[in-house]
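Below you'll find the structure, written out as structure tokens, and then a few comments.
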Amino acid sequence: MSDEQSHPEYILLRHRGIPDLDNLEVYRQQGGFEAWQKAVTSLKPDEVTNEVKASGLRGRGGAGFPTGVKWSFIDNKNWPHYVVANADESEPGTFKDREIMERNPFQFLEGVAICAYAIQAQTAYVYLRGEFWQIASTLDRQIAAMRAAGFLGENLFGTDYSLNIYTHLGAGAYICGEETAMLESLEGKLGQPRLRPPFPPSYGAFGKPTVVNNVETLTNVPMIIARGAEWYHTIGTPKSPGPKIFSLSGCVNRPGNYELPLGTTFRELIFEHGGGIPDGRNVKAIMAAGASSSLIVANEAALDTPMDYESVPNVGAQLGSASVIVIDDSVGIDWLINKTIHFFRHESCGKCTPCREGTFWMMHLTDRIVSGKAGWSDVELLQEVADQIKGKNLCALGDFSTEAVLSGIERFKIDFEKAVGANNLETKPQLEHA
Amino acid sequence: VNTLSEKYSQEITQILEKYPPDQKRAAVMPLLYLAQRDKNYVTKQSMEEIAEILGISSTEVASIVGFYSLYYDQASGKYHIQVCTDLPCALRGAEQFLEKLCENLGIRIGGTTPDGLVTVEHVMCLAGCDKAPMFQVQSGEGIAYHENQTVESAMELIDQFRAQEKRP
């Protein structure tokens, strides 16, 4: 594809330009582990953190929190420290961390290592969703190869710093992508979120100070240390610097991962890189943050919106993990929210009542609406239930479940009017148990 | 007698070494995978043995099996074909794919073929959205992804499973 040849230098998906980058020797020949050696042998931990802070790198898992700032919150009065790399990637529409780990694993592992050095952790865990079983066993071999080459283990590069990295497999629970649920799961408990504060940098894995970062976030780190914060700012926008992997899916000709600067418009991603909408259809809505996203009405202004952390809220949504799901004009939004609610109902961990019960009732209401048995009062009740869930839970899953529902009813009302059709608009809701 | 400890003493030691010595409980999930690979599902006896290794109650081990969807506490088809039908896959025809596949096998969604070999079911997002229809196959050997699938390619794969079973 011409897109590949003309692409500016890849920072994260470097394997697309360099064959066999998942081979340690090849990675090394490409400058791999130089940043790691530089950090351990010539930089103080604080200097590493400050460089990452200065780069403006923001968490790529969804929240967009400044990475260096998070590292600087680590509690230095309580030891040992841990790093946990969030490789749980479970948001419908997100498939970027998988490509990084499968094809450019050493850059990711080097990022984990540099983060560990910055907070002086001697143990790091990579928490992978259970379905990434094959990736975990390959990572185990790659970690062993790093150890054999002297990049992990005791007294690294002749210093007194030591580091080990281990993989830990989840077992099928979306909630474990939430950082505190992930820590519970790592400890061998049910994956249910903790009350925050305290946040992981003061109370994390095994009750010790911990930095939890997404795979893509950590994969940015080696290049920042190698080339400096100033270089990093040459990509992206002033407030959202750097490259981002956009996972493009849904009604689009060329779905896939696209590494582009933050601030690229929806139009460029969907039409230039993604090749537009199949079957001559039109784009109706966009979800920018996977199934957890509000529905963006895909008008001209929305298509021209830059995809960065500051601009996406202007069209009533969040960038999140930049998992862009394209929805064409053949899709009913009533059907769409029924799909997303089935997901969240299944994945609600059950700890907080509003989320556990609310997703259950939203599922029944949307089942009713989509099957043509609902009246308009069911749509109103659905809105009411969603409002009752919002802001009342320990983690964001409950809120996420309401995003598409509330924005869908508000912005695509006509789809719900059609679904209700000729049914008595005064019908009182009659909910049946499953 | 703890049969897991006897059969897999080396693996168990390696798993326990990953976690702080006073946090043995953290090994419960990898040990459950070990037990599941051994018997194709987690037996009551394995839960008791894991509890014994970690110094926790077997009820606590059972709660982990119940919470996480990749652990099975009863025997079913040897191969679980799990098709993602979440939104991005559904927009690329995953629901029709699942229905047709089950129709071809003469089973309902979630059902097992009469020979007890293959169970076909829905699964939540597998991070393969751009290559839908896609599914994972869970079996004693682990988990394998199959992407950009058609009913024909899936049926070919099932034929391969059947051929493997017939081999002495």
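Identifiers for the structure tokens are assigned positionally: chains receive A, B, ... in sequence, residues are indexed from 1 per chain, and ligands are indexed from 1 in the order shown.
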
Discussion item. Which residues are near Gly191 of chain A? Cut-off 6 Å, only C-alpha atoms, ignore same chain within fewer than 2 positions. Put them as a PyMOL selection string.
Written reply: chain A and resi 176+181+184-185

Selection from above, all heavy atoms, as a compact mmCIF listing (two decimals), in the first residue's frame, can you write it?
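Saved file out.txt follows:
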```
# COMPACT_ATOMS: atom_id res chain seq x y z
N CYS A 176 -10.76 -5.72 34.63
CA CYS A 176 -9.36 -5.75 35.05
C CYS A 176 -8.50 -4.76 34.28
O CYS A 176 -7.33 -4.57 34.61
CB CYS A 176 -8.80 -7.16 34.96
SG CYS A 176 -9.54 -8.23 36.20
N ALA A 181 -8.70 -2.60 39.87
CA ALA A 181 -9.21 -3.97 39.71
C ALA A 181 -8.08 -4.87 39.22
O ALA A 181 -7.95 -6.03 39.63
CB ALA A 181 -10.37 -3.99 38.72
N GLU A 184 -5.93 -5.82 42.17
CA GLU A 184 -6.61 -6.87 42.94
C GLU A 184 -6.41 -8.22 42.26
O GLU A 184 -6.12 -9.22 42.91
CB GLU A 184 -8.11 -6.57 43.05
CG GLU A 184 -8.46 -5.39 43.96
CD GLU A 184 -8.27 -5.71 45.43
OE1 GLU A 184 -8.95 -6.61 45.94
OE2 GLU A 184 -7.41 -5.06 46.07
N SER A 185 -6.58 -8.23 40.94
CA SER A 185 -6.46 -9.46 40.18
C SER A 185 -5.03 -10.00 40.24
O SER A 185 -4.81 -11.20 40.39
CB SER A 185 -6.90 -9.21 38.73
OG SER A 185 -6.78 -10.38 37.97
```

Worksheet entry | Neighbour list for Leu4 of chain B as a VMD selection string, cut-off 12 Å, only C-alpha atoms, skip fewer than 6 positions in-chain | chain B and resid 10 to 13 31 to 39 42 to 43 45 to 53

Practice prompt. Report the residues of segment 93-168 of chain B whose backbone DSSP state falls under alpha helix (DSSP H), written as a ChimeraX atom specification.
Written response: /B:94-105,151-166

Practice prompt. Could you list the residues in chain A lying within 8 Å of chain B, using only C-alpha atoms, and format the result as a PyMOL selection string?
Written response: chain A and resi 89-95+98+130-134+166+168-173+185-191+206+248-251+255-256+291+325+327+336+339-340+343

Discussion item. Applying 7 Å and only C-alpha atoms, which residues near Ile109 of chain B remain after dropping the ones on its own chain fewer than 4 positions away? List them as number ranges by chain.
Written reply: B: 102, 120-121

Keeping only N, CA and C atoms, write those residues as an mmCIF file, in the first residue's frame.
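File written: again.cif
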```cif
data_model
loop_
_atom_site.group_PDB
_atom_site.id
_atom_site.type_symbol
_atom_site.label_atom_id
_atom_site.label_comp_id
_atom_site.auth_asym_id
_atom_site.auth_seq_id
_atom_site.Cartn_x
_atom_site.Cartn_y
_atom_site.Cartn_z
ATOM 1 N N CYS B 102 -23.265 -22.102 13.247
ATOM 2 C CA CYS B 102 -24.035 -23.007 14.104
ATOM 3 C C CYS B 102 -25.042 -23.802 13.279
ATOM 4 N N VAL B 120 -19.677 -24.033 20.313
ATOM 5 C CA VAL B 120 -19.593 -22.719 19.647
ATOM 6 C C VAL B 120 -20.380 -21.711 20.456
ATOM 7 N N GLU B 121 -19.748 -20.603 20.806
ATOM 8 C CA GLU B 121 -20.433 -19.628 21.662
ATOM 9 C C GLU B 121 -20.016 -18.194 21.354
#
```

Worksheet item: At what distance in Å, to one decimal, does atom CA of Ile224 of chain A lie from atom CA of Ser323 of chain A?
Response: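 Between these atoms lies a distance of 23.9 Å.
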
Discussion item. Report as a PyMOL selection string all protein, DNA and RNA residues lying within 10 Å of Leu195 of chain A, evaluated on only C-alpha atoms, omitting residues in the same chain fewer than 3 positions from it.
Written reply: chain A and resi 180+192+198-199+393-395

Residues from the last selection, N, CA and C atoms, saved as a compact mmCIF listing (two decimals), in the first residue's frame:
```txt
# COMPACT_ATOMS: atom_id res chain seq x y z
N THR A 180 -7.15 -0.34 39.50
CA THR A 180 -7.18 -0.93 40.85
C THR A 180 -7.77 -2.34 40.82
N GLN A 192 -12.08 -6.55 41.20
CA GLN A 192 -13.05 -5.50 41.50
C GLN A 192 -12.30 -4.25 41.95
N PRO A 198 -6.62 5.90 48.45
CA PRO A 198 -5.29 6.16 47.90
C PRO A 198 -5.14 5.64 46.47
N PHE A 199 -4.35 6.35 45.69
CA PHE A 199 -4.08 5.95 44.32
C PHE A 199 -2.86 5.01 44.29
N ASN A 393 -20.41 5.28 41.10
CA ASN A 393 -19.68 4.01 41.17
C ASN A 393 -18.19 4.23 41.48
N LEU A 394 -17.56 3.16 41.98
CA LEU A 394 -16.14 3.26 42.33
C LEU A 394 -15.26 3.48 41.11
N CYS A 395 -15.62 2.90 39.97
CA CYS A 395 -14.79 3.07 38.78
C CYS A 395 -15.64 3.61 37.65
```

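Minimum distance to Arg196 of chain A across A:Val83, A:Ala396, A:Val52, A:Ile235 (counting only C-alpha atoms) occurs at A:Ala396.
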
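Picture a line from atom CA of Glu147 of chain B to atom CA of Gln142 of chain A; it runs 24.6 Å.
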
Worksheet item: Please, what distance in Å, to one decimal, runs between atom CA of Asn78 of chain A and atom CA of Ala35 of chain A?
Response: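 One can read the atom CA of Asn78 of chain A to atom CA of Ala35 of chain A distance as 27.5 Å.
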
Discussion item. List as a list in words the protein and nucleic acid residues near Pro306 of chain A, meaning an atom at most 7 Å away when only C-alpha atoms are counted, but skip any in the same chain fewer than 4 places from it.
Written reply: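 That gives Gly263, Thr264, Thr265, Phe266 and Ser311 of chain A.
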
Worksheet item: Got a sec: who's within 12 Å of Lys44 of chain A, counting only C-alpha atoms, leaving out chain neighbours fewer than 5 positions off, as JSON, numbers by chain?
Response: {"A": [38, 39, 49, 50, 51, 114, 117, 118, 119, 120, 161]}

Atoms to include: N, CA and C atoms. Write the selected residues as an mmCIF file, in the first residue's frame.
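Saved result, part34.cif, follows:
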```cif
data_model
loop_
_atom_site.group_PDB
_atom_site.id
_atom_site.type_symbol
_atom_site.label_atom_id
_atom_site.label_comp_id
_atom_site.auth_asym_id
_atom_site.auth_seq_id
_atom_site.Cartn_x
_atom_site.Cartn_y
_atom_site.Cartn_z
ATOM 1 N N LYS A 38 21.471 4.109 28.741
ATOM 2 C CA LYS A 38 21.711 5.526 29.062
ATOM 3 C C LYS A 38 21.055 5.889 30.387
ATOM 4 N N ALA A 39 19.802 5.459 30.573
ATOM 5 C CA ALA A 39 19.080 5.793 31.797
ATOM 6 C C ALA A 39 19.808 5.244 33.021
ATOM 7 N N THR A 49 12.417 10.728 35.088
ATOM 8 C CA THR A 49 11.033 11.181 35.295
ATOM 9 C C THR A 49 10.836 12.587 34.735
ATOM 10 N N ASN A 50 11.811 13.457 34.988
ATOM 11 C CA ASN A 50 11.675 14.845 34.527
ATOM 12 C C ASN A 50 11.663 14.953 33.004
ATOM 13 N N GLU A 51 12.445 14.104 32.346
ATOM 14 C CA GLU A 51 12.457 14.116 30.885
ATOM 15 C C GLU A 51 11.083 13.694 30.348
ATOM 16 N N ILE A 114 12.586 1.184 31.732
ATOM 17 C CA ILE A 114 12.968 2.566 32.034
ATOM 18 C C ILE A 114 12.041 3.149 33.106
ATOM 19 N N TYR A 117 13.123 1.796 36.411
ATOM 20 C CA TYR A 117 14.315 2.482 36.922
ATOM 21 C C TYR A 117 13.944 3.849 37.492
ATOM 22 N N ALA A 118 13.069 4.562 36.794
ATOM 23 C CA ALA A 118 12.693 5.913 37.228
ATOM 24 C C ALA A 118 12.052 5.911 38.607
ATOM 25 N N ILE A 119 11.310 4.855 38.920
ATOM 26 C CA ILE A 119 10.697 4.806 40.261
ATOM 27 C C ILE A 119 11.432 3.817 41.164
ATOM 28 N N GLN A 120 12.581 3.318 40.688
ATOM 29 C CA GLN A 120 13.422 2.391 41.447
ATOM 30 C C GLN A 120 12.669 1.130 41.893
ATOM 31 N N TYR A 161 21.847 -1.607 40.378
ATOM 32 C CA TYR A 161 20.406 -1.688 40.092
ATOM 33 C C TYR A 161 20.047 -3.030 39.451
#
```

Fill in: Residues flagged strand (DSSP E or B) by DSSP in segment 2-168 of chain B, as a list in words
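Residues of segment 2-168 of chain B classed as strand (DSSP E or B): Tyr79, His80, Ile81, Gln82, Val83, Cys84, Thr112, Val118, Thr119, Val120, Glu121, His122, Val123, Phe135, Gln136, Val137, Gln138, Ser139, Gly142, Ile143, Ala144, Tyr145 and His146 of chain B.
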
Keeping N, CA, C and O atoms, export the residues of the selection given above as a PDB file, in the first residue's frame.
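Wrote it out as result21.pdb, contents follow:
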```pdb
ATOM      1  N   TYR B  79     -13.028 -28.443  22.216  1.00  0.00           N
ATOM      2  CA  TYR B  79     -12.624 -27.180  21.588  1.00  0.00           C
ATOM      3  C   TYR B  79     -13.760 -26.161  21.736  1.00  0.00           C
ATOM      4  O   TYR B  79     -14.882 -26.413  21.294  1.00  0.00           O
ATOM      5  N   HIS B  80     -13.461 -25.034  22.337  1.00  0.00           N
ATOM      6  CA  HIS B  80     -14.441 -23.956  22.434  1.00  0.00           C
ATOM      7  C   HIS B  80     -14.164 -22.939  21.340  1.00  0.00           C
ATOM      8  O   HIS B  80     -13.128 -22.267  21.374  1.00  0.00           O
ATOM      9  N   ILE B  81     -15.075 -22.841  20.377  1.00  0.00           N
ATOM     10  CA  ILE B  81     -14.939 -21.794  19.361  1.00  0.00           C
ATOM     11  C   ILE B  81     -15.738 -20.607  19.845  1.00  0.00           C
ATOM     12  O   ILE B  81     -16.958 -20.684  20.008  1.00  0.00           O
ATOM     13  N   GLN B  82     -15.042 -19.508  20.140  1.00  0.00           N
ATOM     14  CA  GLN B  82     -15.702 -18.360  20.760  1.00  0.00           C
ATOM     15  C   GLN B  82     -15.638 -17.170  19.812  1.00  0.00           C
ATOM     16  O   GLN B  82     -14.576 -16.610  19.560  1.00  0.00           O
ATOM     17  N   VAL B  83     -16.800 -16.833  19.277  1.00  0.00           N
ATOM     18  CA  VAL B  83     -16.898 -15.804  18.243  1.00  0.00           C
ATOM     19  C   VAL B  83     -17.225 -14.464  18.888  1.00  0.00           C
ATOM     20  O   VAL B  83     -18.186 -14.357  19.654  1.00  0.00           O
ATOM     21  N   CYS B  84     -16.424 -13.446  18.576  1.00  0.00           N
ATOM     22  CA  CYS B  84     -16.728 -12.109  19.089  1.00  0.00           C
ATOM     23  C   CYS B  84     -17.866 -11.508  18.274  1.00  0.00           C
ATOM     24  O   CYS B  84     -17.800 -11.452  17.048  1.00  0.00           O
ATOM     25  N   THR B 112     -23.053 -27.784  21.827  1.00  0.00           N
ATOM     26  CA  THR B 112     -21.904 -28.641  21.545  1.00  0.00           C
ATOM     27  C   THR B 112     -22.292 -29.660  20.481  1.00  0.00           C
ATOM     28  O   THR B 112     -23.414 -30.158  20.493  1.00  0.00           O
ATOM     29  N   VAL B 118     -16.870 -30.012  19.773  1.00  0.00           N
ATOM     30  CA  VAL B 118     -16.801 -28.566  19.555  1.00  0.00           C
ATOM     31  C   VAL B 118     -17.997 -27.857  20.185  1.00  0.00           C
ATOM     32  O   VAL B 118     -19.147 -28.240  19.964  1.00  0.00           O
ATOM     33  N   THR B 119     -17.720 -26.833  20.967  1.00  0.00           N
ATOM     34  CA  THR B 119     -18.752 -25.953  21.504  1.00  0.00           C
ATOM     35  C   THR B 119     -18.583 -24.597  20.819  1.00  0.00           C
ATOM     36  O   THR B 119     -17.464 -24.098  20.723  1.00  0.00           O
ATOM     37  N   VAL B 120     -19.677 -24.033  20.313  1.00  0.00           N
ATOM     38  CA  VAL B 120     -19.593 -22.719  19.647  1.00  0.00           C
ATOM     39  C   VAL B 120     -20.380 -21.711  20.456  1.00  0.00           C
ATOM     40  O   VAL B 120     -21.549 -21.952  20.790  1.00  0.00           O
ATOM     41  N   GLU B 121     -19.748 -20.603  20.806  1.00  0.00           N
ATOM     42  CA  GLU B 121     -20.433 -19.628  21.662  1.00  0.00           C
ATOM     43  C   GLU B 121     -20.016 -18.194  21.354  1.00  0.00           C
ATOM     44  O   GLU B 121     -19.037 -17.953  20.652  1.00  0.00           O
ATOM     45  N   HIS B 122     -20.793 -17.252  21.910  1.00  0.00           N
ATOM     46  CA  HIS B 122     -20.460 -15.824  21.854  1.00  0.00           C
ATOM     47  C   HIS B 122     -19.291 -15.560  22.789  1.00  0.00           C
ATOM     48  O   HIS B 122     -19.155 -16.229  23.803  1.00  0.00           O
ATOM     49  N   VAL B 123     -18.546 -14.525  22.515  1.00  0.00           N
ATOM     50  CA  VAL B 123     -17.556 -14.088  23.497  1.00  0.00           C
ATOM     51  C   VAL B 123     -17.485 -12.565  23.419  1.00  0.00           C
ATOM     52  O   VAL B 123     -17.892 -11.962  22.426  1.00  0.00           O
ATOM     53  N   PHE B 135     -12.587 -15.368  15.752  1.00  0.00           N
ATOM     54  CA  PHE B 135     -12.901 -16.108  16.982  1.00  0.00           C
ATOM     55  C   PHE B 135     -11.624 -16.625  17.598  1.00  0.00           C
ATOM     56  O   PHE B 135     -10.565 -16.625  16.970  1.00  0.00           O
ATOM     57  N   GLN B 136     -11.735 -17.044  18.839  1.00  0.00           N
ATOM     58  CA  GLN B 136     -10.614 -17.747  19.459  1.00  0.00           C
ATOM     59  C   GLN B 136     -11.041 -19.187  19.687  1.00  0.00           C
ATOM     60  O   GLN B 136     -12.228 -19.477  19.864  1.00  0.00           O
ATOM     61  N   VAL B 137     -10.056 -20.079  19.655  1.00  0.00           N
ATOM     62  CA  VAL B 137     -10.318 -21.469  19.998  1.00  0.00           C
ATOM     63  C   VAL B 137      -9.614 -21.754  21.309  1.00  0.00           C
ATOM     64  O   VAL B 137      -8.403 -21.604  21.422  1.00  0.00           O
ATOM     65  N   GLN B 138     -10.409 -22.116  22.297  1.00  0.00           N
ATOM     66  CA  GLN B 138      -9.857 -22.498  23.595  1.00  0.00           C
ATOM     67  C   GLN B 138      -9.848 -24.004  23.674  1.00  0.00           C
ATOM     68  O   GLN B 138     -10.876 -24.647  23.463  1.00  0.00           O
ATOM     69  N   SER B 139      -8.695 -24.553  23.984  1.00  0.00           N
ATOM     70  CA  SER B 139      -8.617 -26.008  24.137  1.00  0.00           C
ATOM     71  C   SER B 139      -7.544 -26.301  25.169  1.00  0.00           C
ATOM     72  O   SER B 139      -6.980 -25.380  25.749  1.00  0.00           O
ATOM     73  N   GLY B 142      -4.312 -24.375  24.938  1.00  0.00           N
ATOM     74  CA  GLY B 142      -4.252 -22.937  25.172  1.00  0.00           C
ATOM     75  C   GLY B 142      -5.293 -22.220  24.347  1.00  0.00           C
ATOM     76  O   GLY B 142      -6.377 -22.753  24.108  1.00  0.00           O
ATOM     77  N   ILE B 143      -4.951 -21.011  23.896  1.00  0.00           N
ATOM     78  CA  ILE B 143      -5.892 -20.193  23.140  1.00  0.00           C
ATOM     79  C   ILE B 143      -5.246 -19.779  21.827  1.00  0.00           C
ATOM     80  O   ILE B 143      -4.108 -19.316  21.810  1.00  0.00           O
ATOM     81  N   ALA B 144      -5.960 -19.963  20.723  1.00  0.00           N
ATOM     82  CA  ALA B 144      -5.441 -19.516  19.428  1.00  0.00           C
ATOM     83  C   ALA B 144      -6.476 -18.627  18.740  1.00  0.00           C
ATOM     84  O   ALA B 144      -7.677 -18.906  18.791  1.00  0.00           O
ATOM     85  N   TYR B 145      -5.999 -17.546  18.130  1.00  0.00           N
ATOM     86  CA  TYR B 145      -6.878 -16.625  17.409  1.00  0.00           C
ATOM     87  C   TYR B 145      -7.012 -17.039  15.937  1.00  0.00           C
ATOM     88  O   TYR B 145      -6.038 -17.471  15.322  1.00  0.00           O
ATOM     89  N   HIS B 146      -8.209 -16.882  15.381  1.00  0.00           N
ATOM     90  CA  HIS B 146      -8.448 -17.102  13.962  1.00  0.00           C
ATOM     91  C   HIS B 146      -9.202 -15.901  13.429  1.00  0.00           C
ATOM     92  O   HIS B 146     -10.322 -15.638  13.865  1.00  0.00           O
TER      93      HIS B 146
END
```

Discussion item. So that I can see what lies close to Leu152 of chain A, please list as a ChimeraX atom specification the residues with an atom at most 6 Å from it, counting only C-alpha atoms and leaving out residues fewer than 4 positions away in the same chain.
Written reply: /A:146-147,163

Can those selected residues be exported to a file as a short mmCIF file (atom, residue, chain, number, x, y, z; two decimals), in the first residue's frame so that it contains N, CA and C atoms?
```
data_model
loop_
_atom_site.label_atom_id
_atom_site.label_comp_id
_atom_site.auth_asym_id
_atom_site.auth_seq_id
_atom_site.Cartn_x
_atom_site.Cartn_y
_atom_site.Cartn_z
N MET A 146 16.24 -11.09 26.99
CA MET A 146 16.80 -9.84 27.53
C MET A 146 17.70 -10.14 28.73
N ARG A 147 17.26 -11.09 29.53
CA ARG A 147 18.04 -11.50 30.71
C ARG A 147 19.38 -12.08 30.28
N LEU A 163 16.65 -5.59 38.04
CA LEU A 163 15.24 -5.58 37.65
C LEU A 163 14.83 -6.91 37.04
#
```
